[in-house]
file target00.txt (compact mmCIF, C-alpha atoms)
# COMPACT_ATOMS: atom_id res chain seq x y z
CA MET A 1 -5.74 -1.50 -14.26
CA GLN A 2 -6.29 2.17 -13.78
CA LEU A 3 -7.24 2.59 -10.16
CA GLU A 4 -6.70 6.35 -10.25
CA LYS A 5 -10.19 6.95 -11.69
CA ILE A 6 -12.01 4.32 -9.61
CA ILE A 7 -13.57 5.52 -6.38
CA SER A 8 -15.59 4.31 -3.45
CA ILE A 9 -18.26 6.66 -2.11
CA SER A 10 -19.13 6.50 1.56
CA GLY A 11 -22.75 5.45 2.01
CA LYS A 12 -23.12 4.07 -1.53
CA PRO A 13 -22.55 0.41 -2.36
CA GLY A 14 -20.21 -0.52 -5.19
CA LEU A 15 -17.42 1.21 -7.04
CA PHE A 16 -17.57 4.12 -9.44
CA THR A 17 -15.45 5.70 -12.14
CA LEU A 18 -15.01 9.46 -12.31
CA VAL A 19 -16.50 10.77 -15.53
CA THR A 20 -16.18 14.53 -15.16
CA GLN A 21 -15.99 17.32 -12.64
CA LEU A 22 -18.73 19.89 -12.11
CA ARG A 23 -18.80 23.12 -10.12
CA SER A 24 -20.72 21.50 -7.32
CA GLY A 25 -19.32 17.97 -7.49
CA PHE A 26 -18.66 15.12 -9.89
CA ILE A 27 -20.40 12.89 -12.41
CA VAL A 28 -19.66 9.24 -11.63
CA GLU A 29 -20.54 5.98 -13.34
CA ASP A 30 -21.30 2.76 -11.45
CA ILE A 31 -18.89 0.10 -12.76
CA SER A 32 -21.50 -2.66 -12.34
CA THR A 33 -24.57 -1.07 -13.89
CA GLY A 34 -23.09 1.72 -16.01
CA LYS A 35 -25.59 4.20 -14.54
CA LYS A 36 -24.35 7.74 -14.17
CA ALA A 37 -25.04 9.88 -11.14
CA SER A 38 -23.86 13.16 -9.70
CA ILE A 39 -22.30 13.49 -6.28
CA SER A 40 -21.60 16.66 -4.36
CA ASN A 41 -18.25 18.00 -3.26
CA THR A 42 -19.17 17.16 0.31
CA SER A 43 -19.41 13.40 -0.37
CA GLN A 44 -16.71 11.30 1.26
CA VAL A 45 -14.80 9.71 -1.59
CA SER A 46 -11.82 7.33 -1.53
CA LEU A 47 -9.63 6.89 -4.60
CA LEU A 48 -8.60 3.24 -4.86
CA ASP A 49 -5.23 4.38 -6.13
CA ASN A 50 -4.52 6.03 -2.75
CA ILE A 51 -5.35 2.95 -0.65
CA ALA A 52 -2.70 0.63 0.76
CA ILE A 53 -2.72 -2.46 3.00
CA TYR A 54 -0.58 -2.54 6.13
CA THR A 55 2.12 -5.19 6.42
CA PHE A 56 4.64 -5.59 9.22
CA ASP A 57 7.35 -3.72 7.33
CA GLN A 58 5.58 -1.40 4.85
CA GLU A 59 2.30 -0.40 3.23
CA VAL A 60 1.51 -2.32 0.03
CA PRO A 61 -0.52 -0.40 -2.60
CA LEU A 62 -3.96 -1.79 -3.36
CA PHE A 63 -2.89 -2.23 -7.01
CA GLN A 64 -0.24 -4.78 -5.93
CA VAL A 65 -2.66 -6.62 -3.63
CA MET A 66 -5.22 -6.83 -6.45
CA LYS A 67 -2.49 -8.19 -8.71
CA ASN A 68 -1.64 -10.87 -6.11
CA ILE A 69 -5.31 -11.88 -5.85
CA ALA A 70 -5.70 -11.97 -9.64
CA GLU A 71 -2.65 -14.22 -10.04
CA LYS A 72 -3.75 -16.55 -7.25
CA PHE A 73 -7.28 -16.93 -8.67
CA ASP A 74 -6.18 -16.98 -12.33
CA TYR A 75 -7.92 -13.64 -13.00
CA LYS A 76 -11.27 -15.11 -12.00
CA GLU A 77 -13.63 -14.30 -9.14
CA ALA A 78 -12.20 -14.71 -5.62
CA ILE A 79 -14.00 -16.04 -2.54
CA ASN A 80 -17.27 -14.47 -1.46
CA HIS A 81 -16.96 -11.38 0.74
CA LYS A 82 -19.62 -12.87 3.01
CA SER A 83 -17.38 -15.82 3.90
CA SER A 84 -16.53 -16.50 7.55
CA GLU A 85 -13.90 -14.38 9.25
CA ASN A 86 -11.50 -17.34 9.43
CA GLU A 87 -11.85 -17.96 5.68
CA LEU A 88 -11.25 -14.27 4.96
CA LYS A 89 -8.12 -14.22 7.16
CA ALA A 90 -6.81 -17.37 5.46
CA PHE A 91 -7.51 -15.75 2.09
CA MET A 92 -5.62 -12.60 3.12
CA SER A 93 -2.66 -14.65 4.37
CA SER A 94 -2.49 -16.43 1.03
CA VAL A 95 -2.42 -13.23 -1.08
CA LEU A 96 -0.37 -11.04 1.29
CA PRO A 97 1.42 -13.33 3.76
CA ASN A 98 2.96 -10.59 5.92
CA TYR A 99 -0.15 -8.41 6.33
CA ASP A 100 -0.46 -6.79 9.75
CA VAL A 101 -3.16 -8.83 11.51
CA ASP A 102 -3.57 -6.17 14.20
CA ARG A 103 -4.15 -3.24 11.84
CA VAL A 104 -6.05 -4.96 8.99
CA TYR A 105 -9.54 -5.77 10.26
CA GLY A 106 -12.01 -8.36 9.02
CA SER A 107 -14.16 -5.56 7.58
CA ASP A 108 -11.15 -4.35 5.55
CA ILE A 109 -10.63 -7.83 4.09
CA LYS A 110 -14.35 -8.10 3.24
CA LYS A 111 -14.21 -4.76 1.43
CA LEU A 112 -11.05 -5.81 -0.44
CA VAL A 113 -12.65 -9.06 -1.63
CA GLN A 114 -15.88 -7.28 -2.56
CA TRP A 115 -13.99 -4.64 -4.57
CA TYR A 116 -11.87 -7.26 -6.33
CA ASN A 117 -14.96 -9.25 -7.34
CA LEU A 118 -16.75 -6.08 -8.56
CA LEU A 119 -13.73 -5.12 -10.66
CA GLN A 120 -13.44 -8.67 -11.99
CA LYS A 121 -17.12 -8.79 -13.04
CA ALA A 122 -16.79 -5.35 -14.69
CA GLY A 123 -13.84 -6.57 -16.79
CA TYR A 124 -11.05 -4.63 -15.10
CA ILE A 125 -9.20 -7.73 -13.87
CA LYS A 126 -7.22 -9.17 -16.79
CA PRO A 127 -3.51 -9.94 -17.29
CA GLU A 128 -2.77 -6.90 -19.46
CA ALA A 129 -4.34 -4.60 -16.86
CA PHE A 130 -1.45 -5.23 -14.46
CA VAL A 131 1.38 -4.56 -16.92
CA LYS A 132 2.92 -1.16 -16.29
CA ALA A 133 4.01 0.94 -19.25
CA GLU A 134 7.74 0.75 -19.82
CA GLU A 135 9.66 3.84 -18.83
CA PRO A 136 12.04 5.26 -21.44
CA ALA A 137 15.72 4.48 -21.01
CA VAL A 138 17.93 7.15 -19.40
CA GLU A 139 19.45 8.10 -22.77
CA ASP A 140 15.99 8.57 -24.28
CA THR A 141 14.94 10.75 -21.36
CA GLU A 142 17.98 12.99 -21.77
CA ILE A 143 17.26 13.42 -25.50
CA VAL A 144 13.64 14.33 -24.78
CA GLU A 145 14.72 16.85 -22.13
CA GLU A 146 17.25 18.43 -24.53
CA LYS A 147 14.64 18.75 -27.26
CA SER A 148 12.14 20.38 -24.91
CA VAL A 149 14.77 22.90 -23.77
CA GLU A 150 15.61 23.66 -27.42
CA LYS A 151 11.93 24.11 -28.28
CA LYS A 152 11.41 26.51 -25.38
CA ALA A 153 14.45 28.58 -26.42
CA ALA A 154 13.25 28.70 -30.04
CA ALA A 155 9.76 29.72 -28.95
CA LYS A 156 11.18 32.59 -26.90
CA LYS A 157 13.20 33.88 -29.87
CA ALA A 158 10.29 33.56 -32.29
CA ALA A 159 7.70 35.20 -30.05
CA PRO A 160 7.28 38.90 -30.77
CA LYS A 161 8.02 41.12 -27.85
CA ALA A 162 4.88 42.63 -26.50
CA GLU A 163 5.07 46.34 -25.93
CA LYS A 164 3.93 47.47 -22.56
CA PRO A 165 1.32 50.19 -22.72
CA ALA A 166 2.44 53.41 -21.11
CA ALA A 167 0.91 53.94 -17.72
CA PRO A 168 -1.44 56.91 -17.68
CA LYS A 169 -0.05 59.86 -15.79
CA ALA A 170 -2.04 60.76 -12.76
CA LYS A 171 -3.21 64.33 -12.55
CA ALA A 172 -3.07 65.98 -9.21
CA SER A 173 -6.35 67.34 -8.03
CA SER A 174 -6.73 71.10 -7.75
CA SER A 175 -6.97 70.89 -3.97
CA ALA A 176 -3.63 69.11 -3.83
CA LYS A 177 -2.05 71.85 -5.97
CA THR A 178 -3.48 74.51 -3.71
CA THR A 179 -2.09 72.78 -0.62
CA VAL A 180 1.37 72.53 -2.16
CA LYS A 181 1.35 76.22 -3.23
CA SER A 182 0.15 77.45 0.14
CA THR A 183 2.82 75.39 1.92
CA GLN A 184 5.52 76.85 -0.33
CA ARG A 185 4.32 80.45 0.36
CA LYS A 186 4.47 79.95 4.12
CA GLN A 187 8.03 78.64 3.91
CA GLY A 188 9.27 81.36 1.58

call {"tool": "encode", "arguments": {"input": "target00.txt", "output": "structure tokens"}}
result
Amino acid sequence: MQLEKIISISGKPGLFTLVTQLRSGFIVEDISTGKKASISNTSQVSLLDNIAIYTFDQEVPLFQVMKNIAEKFDYKEAINHKSSENELKAFMSSVLPNYDVDRVYGSDIKKLVQWYNLLQKAGYIKPEAFVKAEEPAVEDTEIVEEKSVEKKAAAKKAAPKAEKPAAPKAKASSSAKTTVKSTQRKQG
């Protein structure tokens, strides 16, 4: 699941994907309806990729919490975000047992459940969405780095040297010449 392009906009219900950037803002698309809209640079926007949930020992990225919810509910819709506060706290304890009960409020849990259900309905919540791309082995990385260094060196050798244009010589104004001559006469 690519949370880096999914945003929440303060004052607007739902979640949006970033489509493109404009001079004065962004074009976004509602993940539920598919309608596009423009928002200004002054809009308060939260990238889901930058959000984390407090636990007693660390902050857990939203991606991991969403993965926990998806696995618990078999990639189907979770409980309703309008459930009672006790149900929401029990839900949160089941998906993230060591969450910080003092710093994670009921409104945060409601928003988490609402976002999960929106993403699930839009088709973002599926098993393959939570599989991270494999990183190349250390040996492969070293080979790639060596090749890029070799390419850069070859490009430097092959590139023709650009000649620097000669800087135009500044001519002294006639008044400056006169001042210099008159100063030399007085000294001599």

call {"tool": "closest_residue", "arguments": {"input": "target00.txt", "among": "A:Glu85, A:Leu118, A:Lys67, A:Leu22", "to": "Ile6 in chain A", "atoms": "all atoms listed in the file"}}
result
A:Leu118

call {"tool": "closest_residue", "arguments": {"input": "target00.txt", "among": "A:Asn50, A:Ser93, A:Ser32, A:Gln21", "to": "Trp115 in chain A", "atoms": "all atoms listed in the file"}}
result
A:Ser32

call {"tool": "residues_near_point", "arguments": {"input": "target00.txt", "point": "(-17.7, 12.5, 2.0)", "cutoff": "12 Å", "atoms": "only C-alpha atoms", "output": "list in words"}}
result
Ile7, Ser8, Ile9, Ser10, Gly11, Lys12, Gly25, Ile39, Ser40, Asn41, Thr42, Ser43, Gln44, Val45, Ser46 and Leu47 of chain A

call {"tool": "atom_distance", "arguments": {"input": "target00.txt", "atom1": "CA of Ser84 in chain A", "atom2": "CA of Ala52 in chain A"}}
result
23.0 Å

call {"tool": "residues_around", "arguments": {"input": "target00.txt", "residues": "range 60-62 of chain A", "least_positions_apart": "4", "cutoff": "10 Å", "atoms": "only C-alpha atoms", "output": "list in words"}}
result
Leu3, Leu48, Asp49, Asn50, Ile51, Ala52, Ile53, Tyr54, Thr55, Met66, Lys67, Asn68, Leu96, Tyr99 and Leu112 of chain A

call {"tool": "decode", "arguments": {"input": "target00.txt", "residues": "range 36-95 of chain A", "atoms": "C-alpha atoms", "output": "PDB file, in the first residue's frame"}}
result
ATOM      1  CA  LYS A  36     -10.672  15.564  -8.705  1.00  0.00           C
ATOM      2  CA  ALA A  37     -10.324  18.891  -6.961  1.00  0.00           C
ATOM      3  CA  SER A  38      -7.679  21.530  -6.461  1.00  0.00           C
ATOM      4  CA  ILE A  39      -6.448  22.622  -3.068  1.00  0.00           C
ATOM      5  CA  SER A  40      -4.301  25.610  -2.242  1.00  0.00           C
ATOM      6  CA  ASN A  41      -0.848  25.620  -0.720  1.00  0.00           C
ATOM      7  CA  THR A  42      -2.343  27.006   2.470  1.00  0.00           C
ATOM      8  CA  SER A  43      -4.514  23.915   3.094  1.00  0.00           C
ATOM      9  CA  GLN A  44      -3.498  21.823   6.075  1.00  0.00           C
ATOM     10  CA  VAL A  45      -2.531  18.445   4.671  1.00  0.00           C
ATOM     11  CA  SER A  46      -1.317  15.291   6.442  1.00  0.00           C
ATOM     12  CA  LEU A  47       0.517  12.578   4.523  1.00  0.00           C
ATOM     13  CA  LEU A  48      -0.568   9.188   5.863  1.00  0.00           C
ATOM     14  CA  ASP A  49       2.980   7.963   5.349  1.00  0.00           C
ATOM     15  CA  ASN A  50       4.202  10.441   8.001  1.00  0.00           C
ATOM     16  CA  ILE A  51       1.695   9.404  10.681  1.00  0.00           C
ATOM     17  CA  ALA A  52       2.565   7.048  13.535  1.00  0.00           C
ATOM     18  CA  ILE A  53       0.716   5.701  16.586  1.00  0.00           C
ATOM     19  CA  TYR A  54       2.238   6.078  20.039  1.00  0.00           C
ATOM     20  CA  THR A  55       3.061   2.956  22.023  1.00  0.00           C
ATOM     21  CA  PHE A  56       4.750   2.776  25.411  1.00  0.00           C
ATOM     22  CA  ASP A  57       8.172   2.134  23.903  1.00  0.00           C
ATOM     23  CA  GLN A  58       8.118   3.595  20.358  1.00  0.00           C
ATOM     24  CA  GLU A  59       6.023   5.112  17.587  1.00  0.00           C
ATOM     25  CA  VAL A  60       4.570   2.553  15.171  1.00  0.00           C
ATOM     26  CA  PRO A  61       4.100   3.756  11.558  1.00  0.00           C
ATOM     27  CA  LEU A  62       0.518   3.897  10.323  1.00  0.00           C
ATOM     28  CA  PHE A  63       1.456   1.431   7.560  1.00  0.00           C
ATOM     29  CA  GLN A  64       2.224  -1.239  10.196  1.00  0.00           C
ATOM     30  CA  VAL A  65      -0.972  -0.521  12.151  1.00  0.00           C
ATOM     31  CA  MET A  66      -3.019  -0.799   8.943  1.00  0.00           C
ATOM     32  CA  LYS A  67      -1.289  -4.108   8.222  1.00  0.00           C
ATOM     33  CA  ASN A  68      -2.213  -5.368  11.720  1.00  0.00           C
ATOM     34  CA  ILE A  69      -5.862  -4.373  11.192  1.00  0.00           C
ATOM     35  CA  ALA A  70      -5.946  -5.984   7.740  1.00  0.00           C
ATOM     36  CA  GLU A  71      -4.563  -9.270   9.074  1.00  0.00           C
ATOM     37  CA  LYS A  72      -6.958  -9.301  12.031  1.00  0.00           C
ATOM     38  CA  PHE A  73     -10.012  -8.644   9.841  1.00  0.00           C
ATOM     39  CA  ASP A  74      -8.843 -10.828   6.935  1.00  0.00           C
ATOM     40  CA  TYR A  75      -8.457  -7.778   4.661  1.00  0.00           C
ATOM     41  CA  LYS A  76     -12.135  -6.940   5.056  1.00  0.00           C
ATOM     42  CA  GLU A  77     -13.898  -3.957   6.599  1.00  0.00           C
ATOM     43  CA  ALA A  78     -13.177  -3.333  10.301  1.00  0.00           C
ATOM     44  CA  ILE A  79     -15.637  -2.148  12.962  1.00  0.00           C
ATOM     45  CA  ASN A  80     -17.621   1.031  12.396  1.00  0.00           C
ATOM     46  CA  HIS A  81     -15.865   4.255  13.371  1.00  0.00           C
ATOM     47  CA  LYS A  82     -19.072   5.343  15.111  1.00  0.00           C
ATOM     48  CA  SER A  83     -18.843   2.454  17.595  1.00  0.00           C
ATOM     49  CA  SER A  84     -18.772   3.205  21.323  1.00  0.00           C
ATOM     50  CA  GLU A  85     -15.552   4.411  22.892  1.00  0.00           C
ATOM     51  CA  ASN A  86     -15.141   1.133  24.803  1.00  0.00           C
ATOM     52  CA  GLU A  87     -15.485  -0.879  21.578  1.00  0.00           C
ATOM     53  CA  LEU A  88     -12.944   1.358  19.844  1.00  0.00           C
ATOM     54  CA  LYS A  89     -10.454   0.976  22.725  1.00  0.00           C
ATOM     55  CA  ALA A  90     -10.926  -2.806  22.698  1.00  0.00           C
ATOM     56  CA  PHE A  91     -10.378  -2.768  18.930  1.00  0.00           C
ATOM     57  CA  MET A  92      -7.179  -0.739  19.324  1.00  0.00           C
ATOM     58  CA  SER A  93      -5.892  -3.086  22.034  1.00  0.00           C
ATOM     59  CA  SER A  94      -6.447  -6.041  19.727  1.00  0.00           C
ATOM     60  CA  VAL A  95      -4.520  -4.565  16.774  1.00  0.00           C
TER      61      VAL A  95
END
